[in-house]
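Dropping entry.txt in here (compact mmCIF, C-alpha atoms):
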# COMPACT_ATOMS: atom_id res chain seq x y z
CA MET A 1 -58.79 114.31 -23.45
CA ASN A 2 -60.42 111.91 -20.97
CA LEU A 3 -64.07 110.98 -21.32
CA ARG A 4 -65.78 109.92 -18.07
CA LEU A 5 -69.25 108.41 -18.16
CA PRO A 6 -71.22 108.65 -14.90
CA GLY A 7 -71.64 105.27 -13.27
CA THR A 8 -75.31 105.89 -12.54
CA ASN A 9 -76.64 106.73 -16.01
CA SER A 10 -78.17 104.34 -18.48
CA GLU A 11 -75.31 104.73 -20.97
CA GLY A 12 -72.81 103.63 -18.35
CA ARG A 13 -74.90 100.55 -17.51
CA LEU A 14 -75.18 99.60 -21.18
CA VAL A 15 -71.42 99.89 -21.63
CA LEU A 16 -70.85 97.76 -18.55
CA GLY A 17 -73.26 95.13 -19.82
CA SER A 18 -71.59 95.01 -23.23
CA VAL A 19 -68.15 94.44 -21.74
CA ILE A 20 -69.49 91.78 -19.36
CA VAL A 21 -71.14 89.82 -22.18
CA SER A 22 -68.10 89.91 -24.46
CA THR A 23 -65.68 88.99 -21.65
CA PHE A 24 -68.06 86.19 -20.61
CA PHE A 25 -67.70 84.53 -24.02
CA ILE A 26 -63.93 85.04 -24.17
CA GLY A 27 -63.77 83.53 -20.69
CA PHE A 28 -65.87 80.60 -21.86
CA GLY A 29 -63.44 79.96 -24.70
CA GLY A 30 -60.51 80.12 -22.31
CA GLY A 31 -62.16 77.77 -19.84
CA VAL A 32 -62.78 75.02 -22.40
CA ILE A 33 -59.06 74.52 -22.95
CA PHE A 34 -57.84 74.57 -19.36
CA PRO A 35 -58.63 71.00 -18.23
CA ILE A 36 -56.67 69.75 -21.27
CA LEU A 37 -53.53 71.90 -21.17
CA PRO A 38 -52.14 70.68 -17.79
CA ASN A 39 -52.38 67.13 -19.16
CA LEU A 40 -50.24 67.84 -22.23
CA GLY A 41 -47.44 65.74 -20.76
CA THR A 42 -49.58 62.63 -21.25
CA ILE A 43 -51.09 63.76 -24.56
CA LEU A 44 -47.81 64.82 -26.22
CA GLY A 45 -45.28 62.82 -24.20
CA ILE A 46 -43.35 65.89 -23.04
CA SER A 47 -41.72 66.71 -19.69
CA PRO A 48 -43.52 68.43 -16.78
CA PHE A 49 -41.11 71.36 -17.14
CA LEU A 50 -42.08 71.90 -20.78
CA VAL A 51 -45.76 71.61 -19.85
CA GLY A 52 -45.18 74.33 -17.27
CA ILE A 53 -43.51 76.52 -19.89
CA ILE A 54 -46.47 76.10 -22.27
CA LEU A 55 -48.97 76.82 -19.49
CA SER A 56 -47.06 79.96 -18.55
CA ALA A 57 -46.20 81.20 -22.06
CA ASN A 58 -49.30 83.38 -22.29
CA ARG A 59 -48.48 85.05 -19.02
CA PHE A 60 -44.89 85.76 -20.01
CA SER A 61 -45.93 87.27 -23.35
CA ARG A 62 -48.60 89.27 -21.55
CA LEU A 63 -45.96 90.29 -19.02
CA PHE A 64 -44.15 92.18 -21.80
CA ALA A 65 -47.38 93.36 -23.47
CA ASN A 66 -49.17 94.67 -20.34
CA ALA A 67 -47.35 97.98 -19.91
CA PRO A 68 -47.53 98.93 -23.64
CA ALA A 69 -51.19 97.90 -23.66
CA GLY A 70 -51.93 100.23 -20.75
CA SER A 71 -50.08 103.06 -22.47
CA LEU A 72 -52.05 102.47 -25.68
CA VAL A 73 -55.28 102.75 -23.70
CA ASP A 74 -54.29 106.10 -22.17
CA ARG A 75 -53.08 107.33 -25.56
CA PHE A 76 -55.76 106.09 -28.00
CA GLY A 77 -58.72 104.98 -25.88
CA THR A 78 -60.42 101.71 -25.01
CA ARG A 79 -62.56 100.55 -27.95
CA LYS A 80 -59.94 99.65 -30.58
CA PRO A 81 -57.55 97.83 -28.22
CA PHE A 82 -60.48 95.92 -26.71
CA VAL A 83 -61.79 94.64 -30.04
CA VAL A 84 -58.32 93.88 -31.43
CA GLY A 85 -57.44 91.96 -28.28
CA MET A 86 -60.57 89.81 -28.63
CA VAL A 87 -59.74 88.97 -32.27
CA ILE A 88 -56.16 88.04 -31.38
CA GLN A 89 -57.42 85.66 -28.69
CA GLY A 90 -59.76 84.01 -31.18
CA ILE A 91 -56.92 83.42 -33.64
CA SER A 92 -54.67 82.02 -30.93
CA THR A 93 -57.37 79.60 -29.75
CA PHE A 94 -57.62 78.21 -33.27
CA GLY A 95 -53.90 77.54 -32.95
CA TYR A 96 -54.70 74.79 -30.42
CA VAL A 97 -56.69 72.96 -33.08
CA ILE A 98 -53.75 73.23 -35.49
CA ALA A 99 -51.39 72.02 -32.76
CA LEU A 100 -53.20 68.68 -32.45
CA LEU A 101 -53.27 68.12 -36.22
CA ALA A 102 -49.91 69.48 -37.43
CA PRO A 103 -46.30 68.36 -36.90
CA PHE A 104 -44.39 69.80 -33.92
CA PRO A 105 -47.48 70.18 -31.68
CA ALA A 106 -45.53 71.54 -28.71
CA ALA A 107 -44.25 74.44 -30.83
CA TRP A 108 -47.78 75.23 -32.04
CA PHE A 109 -49.11 75.19 -28.47
CA MET A 110 -46.30 77.50 -27.41
CA ALA A 111 -46.98 79.96 -30.24
CA ALA A 112 -50.72 79.94 -29.54
CA ARG A 113 -50.17 80.62 -25.84
CA VAL A 114 -47.78 83.49 -26.62
CA LEU A 115 -50.32 85.08 -28.98
CA TRP A 116 -53.13 84.60 -26.46
CA GLY A 117 -51.09 86.57 -23.93
CA VAL A 118 -50.78 89.57 -26.24
CA GLY A 119 -54.52 89.59 -26.89
CA SER A 120 -55.44 89.23 -23.25
CA ALA A 121 -53.12 92.10 -22.28
CA LEU A 122 -55.20 94.38 -24.48
CA VAL A 123 -58.51 92.99 -23.20
CA PHE A 124 -57.67 93.26 -19.50
CA ALA A 125 -56.12 96.73 -19.75
CA THR A 126 -59.18 98.06 -21.57
CA ALA A 127 -61.88 96.22 -19.58
CA TYR A 128 -60.74 97.51 -16.20
CA THR A 129 -60.19 101.01 -17.59
CA ILE A 130 -63.72 101.01 -19.02
CA ALA A 131 -65.06 99.99 -15.60
CA ASP A 132 -63.15 102.85 -13.99
CA ASP A 133 -64.32 105.32 -16.65
CA ILE A 134 -68.00 104.62 -15.98
CA SER A 135 -67.69 104.54 -12.17
CA ASP A 136 -67.50 106.84 -9.19
CA GLY A 137 -66.38 106.03 -5.65
CA GLY A 138 -69.72 104.49 -4.73
CA SER A 139 -69.90 102.10 -7.69
CA ARG A 140 -66.27 101.37 -8.61
CA GLY A 141 -65.94 98.22 -6.51
CA SER A 142 -69.16 96.70 -7.80
CA ASN A 143 -68.35 97.53 -11.42
CA MET A 144 -64.81 96.15 -11.19
CA GLY A 145 -66.19 92.95 -9.69
CA LEU A 146 -68.78 92.63 -12.45
CA ILE A 147 -66.19 93.11 -15.20
CA ARG A 148 -63.88 90.47 -13.76
CA GLY A 149 -66.86 88.26 -13.04
CA GLY A 150 -67.81 88.39 -16.71
CA VAL A 151 -64.67 86.43 -17.52
CA LEU A 152 -65.01 84.09 -14.57
CA PHE A 153 -68.66 83.20 -15.00
CA GLY A 154 -67.82 82.20 -18.55
CA PHE A 155 -64.66 80.44 -17.43
CA PRO A 156 -66.24 77.80 -15.12
CA THR A 157 -68.81 76.93 -17.74
CA GLY A 158 -66.00 76.49 -20.21
CA VAL A 159 -63.87 74.52 -17.75
CA VAL A 160 -66.66 72.03 -17.11
CA LEU A 161 -67.52 71.78 -20.81
CA GLY A 162 -63.86 71.42 -21.74
CA GLY A 163 -63.34 68.52 -19.37
CA LEU A 164 -66.51 66.76 -20.50
CA VAL A 165 -66.21 67.42 -24.25
CA SER A 166 -62.56 66.37 -24.32
CA GLU A 167 -63.41 63.13 -22.54
CA LEU A 168 -66.50 62.35 -24.64
CA PHE A 169 -65.54 63.70 -28.09
CA GLY A 170 -61.81 64.32 -27.99
CA ASN A 171 -59.48 67.27 -27.57
CA VAL A 172 -59.80 68.60 -31.14
CA VAL A 173 -63.55 69.09 -30.72
CA ALA A 174 -63.01 70.81 -27.36
CA PHE A 175 -60.53 73.25 -28.87
CA ALA A 176 -62.86 73.91 -31.82
CA VAL A 177 -65.65 74.82 -29.39
CA ALA A 178 -63.28 77.20 -27.59
CA THR A 179 -62.40 78.87 -30.91
CA ALA A 180 -66.06 79.41 -31.82
CA PHE A 181 -66.80 81.16 -28.54
CA ALA A 182 -63.66 83.31 -28.73
CA PHE A 183 -64.71 84.65 -32.15
CA LEU A 184 -68.27 85.17 -30.92
CA ALA A 185 -66.82 87.39 -28.17
CA SER A 186 -64.96 89.39 -30.84
CA VAL A 187 -68.15 90.03 -32.79
CA ILE A 188 -70.04 91.12 -29.67
CA ALA A 189 -67.25 93.50 -28.69
CA TYR A 190 -67.09 95.09 -32.15
CA GLN A 191 -70.84 95.61 -32.32
CA THR A 192 -71.53 96.88 -28.80
CA VAL A 193 -68.55 98.41 -26.96
CA PRO A 194 -68.09 102.20 -27.45
CA GLU A 195 -65.21 104.49 -26.59
CA THR A 196 -65.10 105.56 -22.93
CA HIS A 197 -61.59 106.85 -22.28
CA VAL A 198 -60.82 109.57 -24.83
CA ASP A 199 -62.99 112.12 -26.61
CA GLY A 200 -61.80 112.30 -30.18
CA GLU A 201 -58.24 113.31 -29.33
CA VAL A 202 -55.00 111.32 -29.03
CA ASN A 203 -52.97 112.04 -25.90
CA GLN A 204 -49.59 112.56 -27.54
CA SER A 205 -47.83 112.83 -24.18
CA VAL A 206 -48.39 109.13 -23.41
CA LYS A 207 -45.69 106.97 -24.97
CA PRO A 208 -45.88 103.16 -25.41
CA TRP A 209 -42.95 102.73 -23.05
CA ASP A 210 -44.50 104.83 -20.26
CA ILE A 211 -44.88 102.65 -17.14
CA ASN A 212 -46.74 103.56 -13.96
CA THR A 213 -44.40 102.83 -11.04
CA SER A 214 -46.38 104.72 -8.42
CA LEU A 215 -46.78 103.26 -4.92
CA PRO A 216 -50.50 102.42 -5.39
CA ALA A 217 -49.81 100.52 -8.63
CA VAL A 218 -46.88 98.60 -7.13
CA THR A 219 -48.73 97.80 -3.87
CA VAL A 220 -51.82 96.52 -5.65
CA GLY A 221 -49.60 94.66 -8.10
CA LEU A 222 -47.73 92.81 -5.35
CA VAL A 223 -51.00 91.63 -3.80
CA ASN A 224 -52.16 90.53 -7.25
CA PHE A 225 -48.87 88.66 -7.68
CA ALA A 226 -49.42 86.63 -4.51
CA VAL A 227 -53.06 85.81 -5.25
CA LEU A 228 -52.43 84.68 -8.83
CA PHE A 229 -49.28 82.74 -7.93
CA VAL A 230 -51.22 80.50 -5.56
CA TYR A 231 -54.46 80.38 -7.55
CA ILE A 232 -53.40 79.98 -11.18
CA GLY A 233 -49.76 79.09 -10.72
CA ALA A 234 -50.24 76.47 -8.01
CA LEU A 235 -53.84 75.25 -7.75
CA PHE A 236 -54.77 75.17 -11.43
CA ALA A 237 -51.39 73.87 -12.55
CA THR A 238 -51.28 70.97 -10.07
CA LEU A 239 -54.89 69.99 -9.39
CA VAL A 240 -55.19 67.47 -12.24
CA LEU A 241 -52.00 65.81 -10.97
CA PHE A 242 -53.17 65.87 -7.33
CA LEU A 243 -56.27 63.75 -7.95
CA ASP A 244 -54.86 60.41 -9.14
CA PRO A 245 -52.35 59.66 -6.34
CA ASN A 246 -54.94 60.71 -3.75
CA GLN A 247 -57.68 58.65 -5.45
CA LEU A 248 -60.05 61.60 -5.66
CA SER A 249 -62.72 61.85 -8.36
CA VAL A 250 -66.34 62.84 -8.88
CA PHE A 251 -69.18 61.21 -10.83
CA GLY A 252 -66.86 58.48 -12.09
CA PHE A 253 -64.74 60.82 -14.24
CA ASP A 254 -60.98 60.43 -14.52
CA ALA A 255 -58.51 63.05 -13.28
CA GLN A 256 -58.96 65.32 -16.31
CA GLY A 257 -62.75 65.39 -16.14
CA SER A 258 -62.82 65.63 -12.33
CA SER A 259 -60.25 68.44 -12.27
CA GLY A 260 -62.45 70.39 -14.67
CA LEU A 261 -65.35 70.11 -12.24
CA PHE A 262 -63.25 71.09 -9.22
CA MET A 263 -61.77 74.03 -11.14
CA GLY A 264 -65.30 75.03 -12.04
CA VAL A 265 -66.21 75.05 -8.35
CA THR A 266 -63.36 77.43 -7.54
CA VAL A 267 -64.22 79.80 -10.36
CA VAL A 268 -67.96 79.87 -9.67
CA ALA A 269 -67.16 80.74 -6.06
CA ALA A 270 -64.72 83.41 -7.29
CA GLY A 271 -67.26 84.88 -9.68
CA LEU A 272 -69.86 85.20 -6.92
CA SER A 273 -67.46 86.76 -4.41
CA MET A 274 -66.06 89.23 -6.93
CA TYR A 275 -69.23 91.27 -7.03
CA LEU A 276 -69.89 90.74 -3.32
CA GLY A 277 -66.43 91.97 -2.34
CA GLY A 278 -66.69 95.04 -4.53
CA TYR A 279 -70.22 95.84 -3.38
CA VAL A 280 -69.33 95.57 0.30
CA SER A 281 -66.24 97.75 -0.17
CA ASP A 282 -68.40 100.41 -1.85
CA ARG A 283 -70.95 100.38 0.97
CA ASN A 284 -68.41 100.26 3.83
CA GLN A 285 -66.48 103.18 2.33
CA SER A 286 -63.19 101.30 2.68
CA ARG A 287 -61.61 98.62 0.49
CA VAL A 288 -58.99 97.34 2.93
CA PRO A 289 -61.08 95.38 5.51
CA ILE A 290 -62.80 93.23 2.88
CA LEU A 291 -59.46 92.65 1.15
CA LEU A 292 -57.91 91.40 4.39
CA LEU A 293 -60.89 89.10 4.97
CA PHE A 294 -60.68 87.43 1.57
CA LEU A 295 -56.89 87.09 1.72
CA GLY A 296 -57.43 85.17 4.96
CA VAL A 297 -60.05 82.95 3.32
CA THR A 298 -57.58 82.12 0.54
CA SER A 299 -55.01 81.07 3.12
CA ILE A 300 -57.52 78.81 4.88
CA GLY A 301 -58.43 77.22 1.56
CA PHE A 302 -54.85 76.14 0.87
CA LEU A 303 -54.49 74.72 4.38
CA LEU A 304 -57.58 72.61 3.73
CA LEU A 305 -56.24 71.61 0.32
CA ALA A 306 -52.98 70.37 1.83
CA LEU A 307 -54.99 68.13 4.18
CA ALA A 308 -57.69 67.05 1.70
CA ASP A 309 -58.30 63.29 1.76
CA SER A 310 -61.81 63.10 0.30
CA ALA A 311 -63.81 64.69 -2.49
CA PRO A 312 -66.01 66.74 -0.08
CA THR A 313 -62.95 68.10 1.74
CA LEU A 314 -61.35 69.00 -1.56
CA ALA A 315 -64.54 70.71 -2.69
CA ILE A 316 -64.63 72.83 0.49
CA ALA A 317 -60.99 73.78 -0.04
CA CYS A 318 -61.73 74.79 -3.64
CA VAL A 319 -64.69 76.88 -2.53
CA CYS A 320 -62.55 78.75 0.01
CA ILE A 321 -59.77 79.36 -2.49
CA GLY A 322 -62.26 80.54 -5.09
CA LEU A 323 -64.06 82.83 -2.64
CA GLY A 324 -60.76 84.31 -1.49
CA GLN A 325 -59.35 84.91 -4.95
CA GLY A 326 -62.57 86.37 -6.30
CA GLY A 327 -63.29 88.47 -3.23
CA THR A 328 -59.99 90.30 -3.56
CA SER A 329 -60.39 91.11 -7.27
CA GLY A 330 -63.15 93.72 -7.24
CA PRO A 331 -61.97 95.70 -4.18
CA LEU A 332 -58.32 95.48 -5.28
CA MET A 333 -58.96 97.00 -8.70
CA ALA A 334 -61.34 99.53 -7.17
CA LEU A 335 -58.62 100.55 -4.69
CA LEU A 336 -56.30 101.11 -7.65
CA GLY A 337 -58.94 103.29 -9.31
CA ASP A 338 -59.40 105.25 -6.07
CA LEU A 339 -55.70 106.05 -5.75
CA VAL A 340 -54.59 106.91 -9.32
CA ALA A 341 -55.62 109.75 -11.62
CA ASP A 342 -58.18 109.04 -14.39
CA GLY A 343 -55.70 109.65 -17.20
CA GLU A 344 -53.22 107.16 -15.72
CA MET A 345 -55.59 104.23 -15.11
CA GLY A 346 -54.64 102.35 -18.27
CA ARG A 347 -50.95 102.38 -17.32
CA ALA A 348 -51.73 101.55 -13.68
CA VAL A 349 -53.77 98.53 -14.79
CA GLY A 350 -50.86 97.51 -17.03
CA THR A 351 -48.47 97.61 -14.06
CA ASN A 352 -50.88 95.60 -11.93
CA ASN A 353 -51.21 93.00 -14.69
CA VAL A 354 -47.42 92.74 -14.99
CA PHE A 355 -47.20 91.66 -11.35
CA GLY A 356 -50.14 89.29 -11.72
CA ASP A 357 -48.60 87.62 -14.75
CA ILE A 358 -45.26 87.21 -13.01
CA GLY A 359 -47.13 85.33 -10.29
CA GLY A 360 -49.31 83.27 -12.57
CA GLY A 361 -46.50 82.71 -15.04
CA PHE A 362 -43.80 81.57 -12.66
CA GLY A 363 -46.25 79.52 -10.61
CA PRO A 364 -46.41 76.42 -12.84
CA ILE A 365 -42.68 76.55 -13.57
CA VAL A 366 -41.94 76.57 -9.83
CA THR A 367 -44.69 74.32 -8.48
CA LEU A 368 -44.77 71.46 -11.00
CA PRO A 369 -41.11 70.41 -10.60
CA ILE A 370 -41.17 70.98 -6.81
CA VAL A 371 -44.30 68.86 -6.42
CA GLU A 372 -42.46 65.99 -8.11
CA ILE A 373 -39.63 66.32 -5.57
CA VAL A 374 -41.33 67.06 -2.22
CA GLY A 375 -45.00 66.25 -2.84
CA PHE A 376 -48.13 68.36 -2.73
CA TRP A 377 -48.70 69.31 0.90
CA PRO A 378 -45.45 71.30 1.45
CA VAL A 379 -46.22 73.33 -1.66
CA TYR A 380 -49.79 73.99 -0.55
CA PHE A 381 -48.68 75.00 2.96
CA CYS A 382 -46.33 77.56 1.42
CA CYS A 383 -49.18 78.80 -0.74
CA ALA A 384 -51.26 79.29 2.42
CA ALA A 385 -48.62 81.70 3.76
CA MET A 386 -48.41 83.91 0.67
CA PRO A 387 -51.81 85.68 1.06
CA LEU A 388 -50.87 86.57 4.65
CA VAL A 389 -47.63 88.17 3.46
CA ALA A 390 -49.67 90.03 0.83
CA ALA A 391 -51.93 91.40 3.56
CA VAL A 392 -48.92 92.93 5.32
CA VAL A 393 -47.71 94.47 2.04
CA LEU A 394 -51.18 95.90 1.40
CA LEU A 395 -51.42 97.56 4.81
CA GLY A 396 -47.92 99.01 4.54
CA GLY A 397 -48.42 100.42 1.04
CA VAL A 398 -51.83 101.92 1.76
CA ARG A 399 -50.61 103.48 5.01
CA ARG A 400 -47.64 105.10 3.30
CA GLU A 401 -49.73 106.42 0.37
CA THR A 402 -52.74 107.75 2.30
CA GLY A 403 -51.61 108.10 5.91
CA TYR A 404 -54.25 105.57 7.02
CA PHE A 405 -54.45 101.80 7.31
CA LEU A 406 -58.16 101.94 6.40
CA PRO A 407 -58.56 104.88 3.99
CA SER A 408 -62.00 105.91 2.80
CA VAL A 409 -63.22 105.10 -0.71
CA GLY A 410 -62.11 107.69 -3.28
CA SER A 411 -64.72 109.74 -5.09
Would it be possible to restate this file's structure as structure tokens?
Amino acid sequence: MNLRLPGTNSEGRLVLGSVIVSTFFIGFGGGVIFPILPNLGTILGISPFLVGIILSANRFSRLFANAPAGSLVDRFGTRKPFVVGMVIQGISTFGYVIALLAPFPAAWFMAARVLWGVGSALVFATAYTIADDISDGGSRGSNMGLIRGGVLFGFPTGVVLGGLVSELFGNVVAFAVATAFAFLASVIAYQTVPETHVDGEVNQSVKPWDINTSLPAVTVGLVNFAVLFVYIGALFATLVLFLDPNQLSVFGFDAQGSSGLFMGVTVVAAGLSMYLGGYVSDRNQSRVPILLLFLGVTSIGFLLLALADSAPTLAIACVCIGLGQGGTSGPLMALLGDLVADGEMGRAVGTNNVFGDIGGGFGPIVTLPIVEIVGFWPVYFCCAAMPLVAAVVLLGGVRRETGYFLPSVGS
């Protein structure tokens, strides 16, 4: 039995706030580690290909965990999977500390990334479903943007801190800080997040292997694939390597510290535009126009990145990419909520996350070796084209599902 909380009541706002706070701290923990992981080739003396595999391991494990996680949400509810996912991510973050102190560090990093992916599959499937449960058509975009922004506002803070702490105190301390914040997020989730999706009954008809392959889920998933391929798979995986040969840095930091700051710029911009995009789509009564706008901004950002020859130009490119990626997130998930039934939202989110993780997971494996062969600008020009292709896919899928290119917001 589904339990829907009205998006306008005080209970719904408290639930939203609880999820935002807990995802903020898990995002902070994830951000601390990111300026260090792309530089594992130097730290551990391993090949760029193996670095790419480690960076992508969490997305590949989440790729297989996403659909079952969505089914678990529709079957059992949101609270238990959300809390369990947070705890799993805390344990996996501690694995990074072990990796730097124990033999076979690459294997430890790989195992930790795989475990992180399983935990994050549970967290993402539940967080978006909670946002849908407490929303109606006039608040779904804003609430989806706020939920995703909870992770991203924590993430840039963690990215900056991770780059600085690792440079000033070492990588072990940086990973220990990430672990502390991940477990703090688990405690907050356990204490504050209630059940929103089921009302005391288990939906026996939903099996763990049930997958939502509807046109809305696949269309939204393909757009998510393109956005995360260029954002996580290309920009984040290559930025630290892009700085040295182009002699780009800020405040006297080396490539690792500077990349943390530039990554932080992209994610702050994304966090701001996430709520803005969702809010505008709610007020305009259509998600598609704002989605097309931000996909175009993403494309412009990668064109600027390919031509960047100074720190200010690079910063502008990062702002555009961040605004574009963030601005699509809220309206895209709200569009999914508009087009699927309440009892199928967990599985639809799982399908969407599968596509996103294929994009983010294959990105580093594809881009890192190709950059070594052809250089950065051809890769970035190709990344500029992908959001435009995604816009065509979006229009085609929405038109076929609803009969309109610009359908009205669902109620």
Contact table region 198-293 of chain A vs region 161-172 of chain A, cut-off 9 Å, shortest pair per residue, all atoms listed in the file, as CSV:
residue,atom,partner,partner_atom,distance
A:Phe253,CA,A:Glu167,CA,8.7
A:Asp254,CA,A:Glu167,CA,8.8
A:Gln256,CA,A:Gly163,CA,6.2
A:Gly257,CA,A:Gly163,CA,4.5
A:Ser258,CA,A:Gly163,CA,7.6
A:Ser259,CA,A:Gly163,CA,7.7
A:Gly260,CA,A:Gly163,CA,5.1
A:Leu261,CA,A:Gly163,CA,7.6
Shortest interatomic distance to Gly158 (chain A) - which of A:Ile373, A:Met110, A:Val268, A:Asn246, counting all atoms listed in the file =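 For Gly158 (chain A), the nearest of the candidates is A:Val268.
Shortest separation to Leu241 (chain A) among A:Leu16, A:Ala107, A:Ala255, A:Leu293 occurs at residue A:Ala255, atoms counted being only C-alpha atoms.
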Looking at only C-alpha atoms, which of A:Thr298, A:Asn224, A:Ser135, A:Gln325 is the one that sits closest to Asp357 (chain A)?
->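 Under the stated criterion, the closest residue is A:Asn224.
Excluding Gly30 (chain A) itself and same-chain residues fewer than 3 positions from it, the residues having an atom within 8 Å of it are Ile26, Gly27, Ile33, Phe34, Phe155, Gly158, Val159, Ala178 and Ala182 of chain A, counting all atoms listed in the file.
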Which is closest to Val389 (chain A) among A:Leu63, A:Leu40, A:Ala315, A:Ala226, if we use all atoms listed in the file?
->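 Closest candidate: A:Ala226.
A straight line drawn from CA of Met333 (chain A) to CA of Pro387 (chain A) is 16.6 Å long.
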Between CA of Phe153 (chain A) and CA of Val267 (chain A), distance in Å (one decimal) |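 Computing it gives 7.3 Å between the two atoms.
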Which distance in Å separates CA of Leu146 (chain A) and CA of Gly119 (chain A), to one decimal?
->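 Taking CA of Leu146 (chain A) and CA of Gly119 (chain A), their separation equals 20.5 Å.
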Please provide as a count of residues only all residues within 9 Å of region 336-338 of chain A, with the sequence filter that same-chain residues fewer than 3 positions apart are discarded (counting only C-alpha atoms).
-> 20
For Val73 (chain A), which residue out of A:Trp116, A:Leu50, A:Thr126, A:Gly396 is the nearest one, using all atoms listed in the file?
-> A:Thr126
Compare A:Ile300, A:Leu368, A:Ala334, A:Ile290 by their minimum atom-to-atom distance to Leu55 (chain A), counting all atoms listed in the file, and give me the closest one.
->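 Ranking A:Ile300, A:Leu368, A:Ala334, A:Ile290 by distance to Leu55 (chain A), first place goes to A:Leu368.
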Exercise: Leu101 (chain A) partners within 12 Å, all atoms listed in the file, chain neighbours under 3 positions left out, as number ranges by chain = A: 44, 94-98, 104-106, 108-109, 171-173, 175
Do you know which residues are at most 10 Å from Val230 (chain A) counting all atoms listed in the file, after dropping those on the same chain fewer than 6 positions away, and could you put them as a PyMOL selection string?
-> chain A and resi 236-237+298-299+302+321+325+359-360+363-364+367+379-380+382-387
Residues within 7 Å of region 86-88 of chain A, only C-alpha atoms, excluding chain neighbours under 4 positions, as a count of residues only = 9
Can you report as JSON the centre and edge lengths in Å, to one decimal, of an axis-aligned box around the listed atoms of region 96-99 of chain A padded with 4 Å on each side?
{"center_x": -54.0, "center_y": 73.4, "center_z": -33.0, "size_x": 13.3, "size_y": 10.8, "size_z": 13.1}
Please return region 20-31 of chain A, rebuilt to N, CA and C atoms, as an mmCIF file, keeping the file's coordinate frame.
data_model
loop_
_atom_site.group_PDB
_atom_site.id
_atom_site.type_symbol
_atom_site.label_atom_id
_atom_site.label_comp_id
_atom_site.auth_asym_id
_atom_site.auth_seq_id
_atom_site.Cartn_x
_atom_site.Cartn_y
_atom_site.Cartn_z
ATOM 1 N N ILE A 20 -69.275 93.023 -20.107
ATOM 2 C CA ILE A 20 -69.490 91.780 -19.360
ATOM 3 C C ILE A 20 -69.828 90.634 -20.307
ATOM 4 N N VAL A 21 -70.729 90.883 -21.259
ATOM 5 C CA VAL A 21 -71.140 89.820 -22.180
ATOM 6 C C VAL A 21 -69.969 89.359 -23.043
ATOM 7 N N SER A 22 -69.209 90.308 -23.588
ATOM 8 C CA SER A 22 -68.100 89.910 -24.460
ATOM 9 C C SER A 22 -67.002 89.208 -23.675
ATOM 10 N N THR A 23 -66.701 89.677 -22.459
ATOM 11 C CA THR A 23 -65.680 88.990 -21.650
ATOM 12 C C THR A 23 -66.192 87.640 -21.158
ATOM 13 N N PHE A 24 -67.504 87.501 -20.983
ATOM 14 C CA PHE A 24 -68.060 86.190 -20.610
ATOM 15 C C PHE A 24 -67.724 85.153 -21.679
ATOM 16 N N PHE A 25 -67.939 85.500 -22.948
ATOM 17 C CA PHE A 25 -67.700 84.530 -24.020
ATOM 18 C C PHE A 25 -66.218 84.277 -24.250
ATOM 19 N N ILE A 26 -65.364 85.302 -24.046
ATOM 20 C CA ILE A 26 -63.930 85.040 -24.170
ATOM 21 C C ILE A 26 -63.470 84.188 -23.006
ATOM 22 N N GLY A 27 -64.079 84.382 -21.830
ATOM 23 C CA GLY A 27 -63.770 83.530 -20.690
ATOM 24 C C GLY A 27 -64.230 82.109 -20.895
ATOM 25 N N PHE A 28 -65.373 81.939 -21.538
ATOM 26 C CA PHE A 28 -65.870 80.600 -21.860
ATOM 27 C C PHE A 28 -64.883 79.872 -22.757
ATOM 28 N N GLY A 29 -64.420 80.575 -23.798
ATOM 29 C CA GLY A 29 -63.440 79.960 -24.700
ATOM 30 C C GLY A 29 -62.154 79.591 -23.989
ATOM 31 N N GLY A 30 -61.706 80.442 -23.062
ATOM 32 C CA GLY A 30 -60.510 80.120 -22.310
ATOM 33 C C GLY A 30 -60.700 78.962 -21.357
ATOM 34 N N GLY A 31 -61.893 78.852 -20.780
ATOM 35 C CA GLY A 31 -62.160 77.770 -19.840
ATOM 36 C C GLY A 31 -62.192 76.406 -20.474
#
